[in-house]
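Student: Can you keep this structure in mind? I'll have questions shortly.
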Amino acid sequence: MAATVLIAEDEPNLVESLSFILRREGCEVSAVFDGEAVLERLRDGLPDVLVLDVMLPKRNGFDVLKAIRSDPRLTGIPVLVLTAKGQERDRKTAEQLGADAFVTKPFSNRDVVDRIKRLAGL
Amino acid sequence: MLSANVVLFTALAYVALLFVVAFFSDRRARRGWLGLVRSPIVYTLSISVYCTSWTFYGAVGSAARNGLEFATIYLGPTLVFVGWWFLLRKLVRIGRVHRASSIADLISSRYGKSMSLAVLVTVIAVIGTTPYIALQLKAVTTSFQVVASTTHTALLGIPEADLDLRTGFWVAVGMAVFTILFGTRNIDANEHHHGVVAAIALEALVKLFALIAVGLYVVFAIGGGVGEVFALPASAKVLGAEVFGPRWVALTFLSATAIVCLPRQFQITVVENADEEHLRTAAWLFPLYLFLTCLFTLPIAITGLATMPAGSNPDMYVLTLPMLHDRSALSLLVFIGGFSSATSMVIVASIALSIMVSNHIVMPIALRLAWLSRGVSGDVKSLLLVSRRISIALILSLGFVYFVFSAHSDALAKIGLIAFAGVAQFLPCLIGGLYWHRASKGGAFAGLLIGFVTWAYTLLLPSFEGGAVPASLFSDGPWGIALLRPEALFGAGGMDPLVHALFWSLSLNAGLFVLISLIKDQNPLERLQSTLFVDVFRNPADKESRFIHRSAAIDDLFVLAQRILGAEQAYLLFRDYARRQGIEEGLPRPSTEFIAQLERQFAGSIGAASARVMISQVVTGETISLGEMMRLVDETQQVIEYSQQLEQKSQQLQVTARQLREANERLRLLDAQKDDFLSQVSHEVRTPMASIRSFSEILLETRDLESEQATRFLSIIHDETLRLTRLLDEILDLSHLERGELAWSLQPLDAEAVLDRAIETCRGMAASADVQLVVGPRAGSVRVMGHEDRLNQVFINLISNAIKHNRSRAPVVTVSSAIAEGRYQVTFEDNGEGVPAEARDRIFTKFSRAWTQSRPRDAGAGLGLAISRAIARKMHGDVELLPAGRPGSGVGARFRVSLPLARGQAAPAGELERRAGE
C-alpha cells in the first residue's frame, strides 16, 4: 500500500530531495509552494501525511495548520511540521496547534522518512 | 471703714509672706528640689508680671473713659503667645544658648558683642522704665490712702496735692530691700532667681483672685446679674464708644511689642525660663490668665459709672465700689491685689535693670579703671554684686524721685503707653537680629538712636507740656519751624499723638536700621554672631569655637574665672572640664572650646560684651577663621538650596525616568529586532544547509544512483554552498555598513560610466532569464561624490532585483537617469506585478522578501535592498521605492537611486561653455 504525501515547501531544492527519498520508499509525493495552495489542494483529496513548512509565502504554516485542525473534514490529517527557525517557541506553537511531528532543518533523511512512515501507519 | 493701721499691718504681713515664700523657694531650689519652682504653671504665672497696677486699676478706668480700648492691652500679648510663639521660642533658645542676661545683652551679643549698643539699650530701658516704676509707687500710695481713709470723700479719689509721699517712700524702700535680698543672691543671671519667681507667681494668683472676687461681688451682689449690669444706661456709654481705628491697631501692636521687648518681660520669659517646653503651656495658659483678668473689667466700669457719686475717679472703681458698700475685707483684698501688681512689676523690673546697668555701664567703666587690673580673686564678682545692689537702690530712688516730681501732675496717667512705645524701639533690631543675616551693628545702633530720639521728642516731651516745656513748642514748633512740631512731625498733623509718635519713631528706626545694614558690611564677629543667632536651631553655640581660634595660659584663665565667678565656682568649673578632657587631677587644657565655654559662662554673669573684653585680656593670638565661618554660612545656605534643589530634582527625576522608560522601550525594540535578525539569519542559514545535508545523505546512501542524477544533486549542493557564502558576505557587509566602520573617501566620479558598466554586467543575467534590459533616457555626463565599486554594487543589485522578481510574460526592465531637483537620479523600472501594498513599508528591512512568491535559485538572502540603501546613504543619497503605477499600466516596481551632485556640477550649462571657450 502506497502512502500519499503532500509536501508544502517553498524551497524547490528541498522539495526535490524530500520527493526523492519518499518516492524511493514507495510513497506518492506531490508538492505545493505556498500556504493557500495547500488548502486548495486538500479540497481535491486528503493525503496520508502532510509535510508542512512554517515559513510559507502567502499564508504561513501555522496558519494553515490552524485551518486544517478547525476544519472537521481535514482535521484528521497527520501533519509533520518542518521549520528552519528551530526555536523552542515554534515547537511549542506547533504542538499546541496539533502538529503530529516536528522536524528542524537541516534534518536527517532517515529521521524524516521514519516519522512520515509512522504517521502514515506503515 | 478700715483703719490705716489695719491696712498697714495687712500689707506688712503680706510682704512678710512674700519673704517667706521667696526664702523657702530659694532654699528648696538650692537643695535641688526644683519640682514646684520649675513647673510651667509657675513660669506662666510669673509672666503675668505684665499686668501691673496700671492694668489692675487702670483697665476699669480706661473702659469707663474709652470703652473697649482697654482690651487692646490684653489682645496684643494674646496674639503673640498664640500666633507668634515661634518667635518666643527662638528668643528663649538664643537666650539660653548664649546665656543672655538681659535684652540689652542679647542685642549687644547679636551685633558683635557691641559695648556701645548694650549701653544704648540700657539707657533707653532705664528711661522707659523709671516713670513706670513711679507709676506703681503712685498707685500703691493712692490706693493705700483711699482704702485707709476715714471719709467718704476719699471715694472721689485722692487729690494729687494730698498724696502722702511718705507712703510711697516706704513702699520703695521695702521693695528695694526685697529685691536686693532675693534678686542679687548670685551674679549669674542664668542661675534663676527661684525665690523671686515663686513670690511673683504667688502675687499673680493674689491679683487674679482679688479681681475675680471684686468682679463677682460687683456683678452679682451690687448689679444683680450679668444681664442687669449690661442693661444699665451706662453700658451704652461704655460699649458705644468708637474705638476701632488707627489707635486700636497701634495699641494692640504696642502691647504685642511690649510683651517681647519690656526688660521685665524679657527677664521673666527668657532669662528665668528653666525649660523651653514651658512655653507650650504658657502659649495657652497666659492668654487664659489675661482673659480672666479682663473678664470683669466692663461690668465693674459700667456699675461704677452708674452707682458711684459724680466726680469719682474711675481708676479707683475696683477699690471704691466695695468700699461704698462697706465691704472692708473685700476692699482689703483688692488693695492687696493692687499692691501685688505694683510690687511684682517693681521687683522684676529693678532686677532686670540692675543687671543691665551693672553689666553694661558699671562693668565697662570698671574694666577701664586701673584698680580692677590687680586681679584679686572674686573681685569682679563682688564688684558686680555691689553694683547690682546699688543699681537697684538707685533705680528705685529714681522712680521715687520721678514720682515726687510728677505726683502733682497727671503726667503719670499716660506713662504706661509712653513706656511701651519707648521699649518698642527695640523691636526692629531684635526681630531683624533673629531673622535677618545682614542686620548689622551700625544699623541697629542708628535705628535705635533715631527711634529713641523721635520717641522722646514726639511722646515723652509732650507729656511734660505746661510744666517745664513751653506750650509754644507744640503750637508753633521749635524756633517757629512748624514742620518740627512734636505732635505733627513733618506736617503729619491730626493724628492721635500715640499713633503719630509710634509711626514716626518706628518708621525712622526700622528704615535707618535696614538702610545702614544694607550699606555697611559686618565685621567678622558680627557675621559669626548673626549666623549663630539667626540659625540658632541649626547651629549650637559651641560651634563658635570652630571659628574663633585663640589660646591662653590656663593659669591666667583660672585667675580670671576666680575673679568673675568666685574661687569655689571657678574651681568646680575647671575641675569638671578637666574631667571631660580626661584629666583627673589638675587644670584642663586651654583649648579653643574651653575658652569659648568659659566666655559664655562669664557672659551669664557680666554680659557678652564685658565677657569678651575680659577674656581677650588674657588671650593671645585670636583669629576668627573666616573660611570656617563662610563654610557655616554656606551650610545653612545649602540646606535652603538643598530643599529647593530637591524639588527641582524630583521633577528632573520624573523627566529622567520618562526618558529612561523611552530608552528602555527603544532598547527592548532593538533587542527584539536583534532576536528577530538572529532568528532570520538562522533560518536563512538552515535552509541551504537542509538541502546540502539532505542531498549529501542521498549521495552517500544511494549506491545505484544514475550519474546524471548524481551530478544534478552535486550541483545543487554547490549552488547552496554559494548561496550560504553570499549570505554570510551580505550579513558582514551590512553589519559593517551599519556600524559605520568603513571610512570611505568619497571621490568625484562619473556616475553615468558606473551605471553603464553595471548595465553591461547584468546583460548576461537578463538574457538567461529572458528579460529585456532597456536603457531609457540618460543624464549624460554627471559627476557625483561617491565610491565607485559601492555605487556599482547598488546599481547591479537594483537591476538584478528587477530581473529576478519580474513575473511578467514579456519581462522588460528599463534603466533611465536624469538630473532633477539638484540631484542625480537613476530609475529602475520593471513591468512585473509591482510591490504589494502591504509589503511596501518593509522591503528595505532585512530579510524581507515577502513579495516574492517563490525564490529563484540565485536569489539573495533578502539583504540586498537594505545594503543598497545603507550604501546610498553613506554617499548622502538614498534608495527609495516610487509610488506604484496604475494597475494595467504595465508599470511594475520602480526604484530610484538619488545622489547629490559633486561641487561644480550644478553650474549652469552656459557657464561651462564659457569656461570651455576660454
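Just so we're on the same page: first chain in the C-alpha cells is A, next is B, and so on; residues restart at 1 for each chain, and ligands are numbered from 1 in the order they show up.
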Using DSSP on the backbone, list every residue of chain A that comes out as helix (DSSP H, G or I), and give them as a VMD selection string.
Tutor: chain A and resid 12 to 24 35 to 42 61 to 70 88 to 97 109 to 119
Student: Restrict the selected residues to C-alpha atoms and save them as a tab-separated table (two decimals), in the first residue's frame.
Tutor:
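The result, written out as again12.tsv:
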chain	number	residue	atom	x	y	z
A	12	PRO	CA	12.46	23.90	-4.56
A	13	ASN	CA	15.68	22.07	-3.68
A	14	LEU	CA	14.14	20.69	-0.52
A	15	VAL	CA	11.00	19.63	-2.33
A	16	GLU	CA	13.25	17.77	-4.73
A	17	SER	CA	15.29	15.96	-2.07
A	18	LEU	CA	12.19	15.09	0.03
A	19	SER	CA	10.36	13.82	-3.02
A	20	PHE	CA	13.36	11.70	-3.96
A	21	ILE	CA	13.72	9.96	-0.62
A	22	LEU	CA	9.96	9.46	-0.13
A	23	ARG	CA	9.41	8.06	-3.59
A	24	ARG	CA	12.31	5.69	-3.01
A	35	GLY	CA	0.08	28.32	2.14
A	36	GLU	CA	-3.02	28.99	0.12
A	37	ALA	CA	-2.14	26.25	-2.33
A	38	VAL	CA	-2.06	23.69	0.49
A	39	LEU	CA	-5.69	24.23	1.43
A	40	GLU	CA	-6.67	24.38	-2.21
A	41	ARG	CA	-5.01	21.05	-2.91
A	42	LEU	CA	-6.62	19.45	0.13
A	61	GLY	CA	2.42	27.04	8.04
A	62	PHE	CA	0.92	27.66	11.48
A	63	ASP	CA	-1.97	29.49	9.91
A	64	VAL	CA	-2.57	26.59	7.57
A	65	LEU	CA	-2.33	24.07	10.42
A	66	LYS	CA	-4.89	26.04	12.41
A	67	ALA	CA	-7.26	25.99	9.45
A	68	ILE	CA	-6.79	22.27	9.00
A	69	ARG	CA	-7.41	21.45	12.64
A	70	SER	CA	-10.54	23.58	12.77
A	88	GLU	CA	11.62	26.12	21.22
A	89	ARG	CA	8.83	28.67	20.82
A	90	ASP	CA	7.99	27.31	17.38
A	91	ARG	CA	7.99	23.73	18.62
A	92	LYS	CA	5.52	24.66	21.36
A	93	THR	CA	3.28	26.56	18.94
A	94	ALA	CA	3.28	23.55	16.63
A	95	GLU	CA	2.34	21.19	19.46
A	96	GLN	CA	-0.44	23.49	20.62
A	97	LEU	CA	-1.85	23.75	17.14
A	109	ASN	CA	16.65	11.92	5.72
A	110	ARG	CA	16.27	8.74	7.71
A	111	ASP	CA	14.57	10.53	10.56
A	112	VAL	CA	12.07	12.32	8.32
A	113	VAL	CA	11.22	9.19	6.43
A	114	ASP	CA	10.71	7.17	9.61
A	115	ARG	CA	8.43	9.79	11.08
A	116	ILE	CA	6.38	10.10	7.91
A	117	LYS	CA	6.01	6.35	7.68
A	118	ARG	CA	4.92	6.15	11.30
A	119	LEU	CA	2.37	8.91	10.70
Student: Please measure the separation of atom CA of B:Ile268 and atom CA of B:Ala444, giving the value in Å to one decimal.
Tutor: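 That distance, rounded to one decimal, is 24.1 Å.
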Student: What residues in chain A lie within 6 Å of chain B, counting only C-alpha atoms, written as a list in words?
Tutor: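 Close enough to count are Leu14, Ala84, Lys85, Lys105 and Pro106 of chain A.
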Student: Atoms to include: C-alpha atoms. Write the selected residues as a PDB file, in the first residue's frame.
Tutor:
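And here is the file that came out, out02.pdb:
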ATOM      1  CA  LEU A  14      14.142  20.687  -0.520  1.00  0.00           C
ATOM      2  CA  ALA A  84      14.245  26.332   9.701  1.00  0.00           C
ATOM      3  CA  LYS A  85      13.915  28.518  12.749  1.00  0.00           C
ATOM      4  CA  LYS A 105      16.101  21.897   9.237  1.00  0.00           C
ATOM      5  CA  PRO A 106      18.615  20.661   8.456  1.00  0.00           C
TER       6      PRO A 106
END
Student: Of the residues B:Ser591, B:Ala758, B:Lys441, B:Glu568, which is the one nearest to B:Ile519, using only C-alpha atoms?
Tutor: B:Lys441
Student: Quick one: residues within 9 Å of B:Tyr289, only C-alpha atoms counted, chain neighbours fewer than 5 positions away excluded, as an mmCIF file with C-alpha atoms, in the first residue's frame?
Tutor:
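The resulting file, result_27.cif, is reproduced below:
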data_model
loop_
_atom_site.group_PDB
_atom_site.id
_atom_site.type_symbol
_atom_site.label_atom_id
_atom_site.label_comp_id
_atom_site.auth_asym_id
_atom_site.auth_seq_id
_atom_site.Cartn_x
_atom_site.Cartn_y
_atom_site.Cartn_z
ATOM 1 C CA THR B 44 3.246 81.226 83.201
ATOM 2 C CA LEU B 45 2.079 82.942 86.359
ATOM 3 C CA SER B 48 1.781 87.859 84.317
ATOM 4 C CA LEU B 208 -6.249 87.469 89.813
ATOM 5 C CA TRP B 284 -2.423 78.827 76.153
ATOM 6 C CA CYS B 294 -10.224 91.358 81.961
#
Student: Give me the residues within 6 Å of stretch 46-53 of chain A as a PyMOL selection string, counting only C-alpha atoms and dropping any in the same chain fewer than 4 places off.
Tutor: chain A and resi 3-9+42+61+78-83+120
Student: With only C-alpha atoms as the atoms that count, which of B:Leu295, B:Val514, B:Ala424, B:Ile222 lies nearest to B:Asp326?
Tutor: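 For B:Asp326, the nearest of the given residues is B:Ile222.
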Student: I'd like the contact shell of B:Ser46 - 7 Å cut-off, only C-alpha atoms, skipping same-chain residues fewer than 6 positions apart - returned as a PyMOL selection string.
Tutor: chain B and resi 197+200-201+204+268
Student: Store the residues of this selection in a file with C-alpha atoms, as a tab-separated table (two decimals), in the first residue's frame.
Tutor:
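Saved the output as out09.tsv:
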chain	number	residue	atom	x	y	z
B	197	VAL	CA	9.85	83.90	90.68
B	200	ILE	CA	5.84	86.72	91.72
B	201	ALA	CA	3.76	83.67	90.89
B	204	ALA	CA	-0.09	86.71	90.22
B	268	ILE	CA	10.88	86.51	83.15
Student: Would you return as an MDAnalysis selection string the members of stretch 572-803 of chain B that DSSP assigns to strand (DSSP E or B) on this structure's backbone?
Tutor: chainID B and resid 619:624 747:750 772:775 783:786
Student: So that I can check the surroundings of B:Val453, please list as a list in words every protein, DNA and RNA residue that reaches within 10 Å of it, counting only C-alpha atoms and ignoring chain neighbours fewer than 5 positions away.
Tutor: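 Close residues of B:Val453: Ile124, Gly422, Gly447, Leu448, Thr458, Leu459, Leu460, Ser505 and Asn509 of chain B.
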Student: Between B:Arg658, B:Gln651, B:Gln601, B:Val499, which has the minimum distance to B:Trp248 (counting only C-alpha atoms)?
Tutor: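 Selected residue with least distance to B:Trp248: B:Val499.
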Student: Closest to B:Leu290 among B:Val613, B:Leu722, B:Ile796, B:Leu79, using only C-alpha atoms?
Tutor: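 Distance minimum relative to B:Leu290 lands on B:Leu79.
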Student: What is the distance, in Å and to one decimal place, between atom CA of B:Leu572 and atom CA of B:Leu557?
Tutor: 13.7 Å
Student: Go ahead and compute the interatomic distance for atom CA of B:Ala419 and atom CA of B:Ser397, in Å to one decimal.
Tutor: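 About the pair atom CA of B:Ala419 and atom CA of B:Ser397: they are 18.1 Å apart.
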Student: Excluding B:Ala250 and its own-chain neighbours fewer than 3 positions away, which residues fall within 10 Å of it when counting only C-alpha atoms? Please give them as an MDAnalysis selection string.
Tutor: chainID B and resid 72 76 245:247 253:256 421 496 498:500 502:503
Student: For the residues selected in the previous step, produce a file with C-alpha atoms as a PDB file, in the first residue's frame.
Tutor:
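Contents of out_10.pdb, freshly written:
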ATOM      1  CA  THR B  72      -6.003  96.036  73.284  1.00  0.00           C
ATOM      2  CA  GLY B  76      -1.516  92.119  71.825  1.00  0.00           C
ATOM      3  CA  GLY B 245      -9.435 102.874  64.398  1.00  0.00           C
ATOM      4  CA  PRO B 246      -5.722 103.506  63.952  1.00  0.00           C
ATOM      5  CA  ARG B 247      -5.378 103.918  67.703  1.00  0.00           C
ATOM      6  CA  PHE B 253       0.667  96.451  68.229  1.00  0.00           C
ATOM      7  CA  LEU B 254       2.258  98.250  71.176  1.00  0.00           C
ATOM      8  CA  SER B 255       1.122  95.751  73.750  1.00  0.00           C
ATOM      9  CA  ALA B 256       2.232  92.888  71.497  1.00  0.00           C
ATOM     10  CA  ALA B 421       6.326 102.977  72.923  1.00  0.00           C
ATOM     11  CA  ASP B 496      -3.669 110.594  67.581  1.00  0.00           C
ATOM     12  CA  LEU B 498       0.389 107.992  70.235  1.00  0.00           C
ATOM     13  CA  VAL B 499      -0.201 106.748  66.688  1.00  0.00           C
ATOM     14  CA  HIS B 500       1.779 109.704  65.377  1.00  0.00           C
ATOM     15  CA  LEU B 502       4.720 105.353  67.051  1.00  0.00           C
ATOM     16  CA  PHE B 503       4.547 105.838  63.299  1.00  0.00           C
TER      17      PHE B 503
END
Student: Which residue is closest to B:Val146? Choose from B:Ser816, B:Asn831, B:Asn66, B:Ser331 and count only C-alpha atoms.
Tutor: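 Of all the options, B:Ser331 lies closest to B:Val146.
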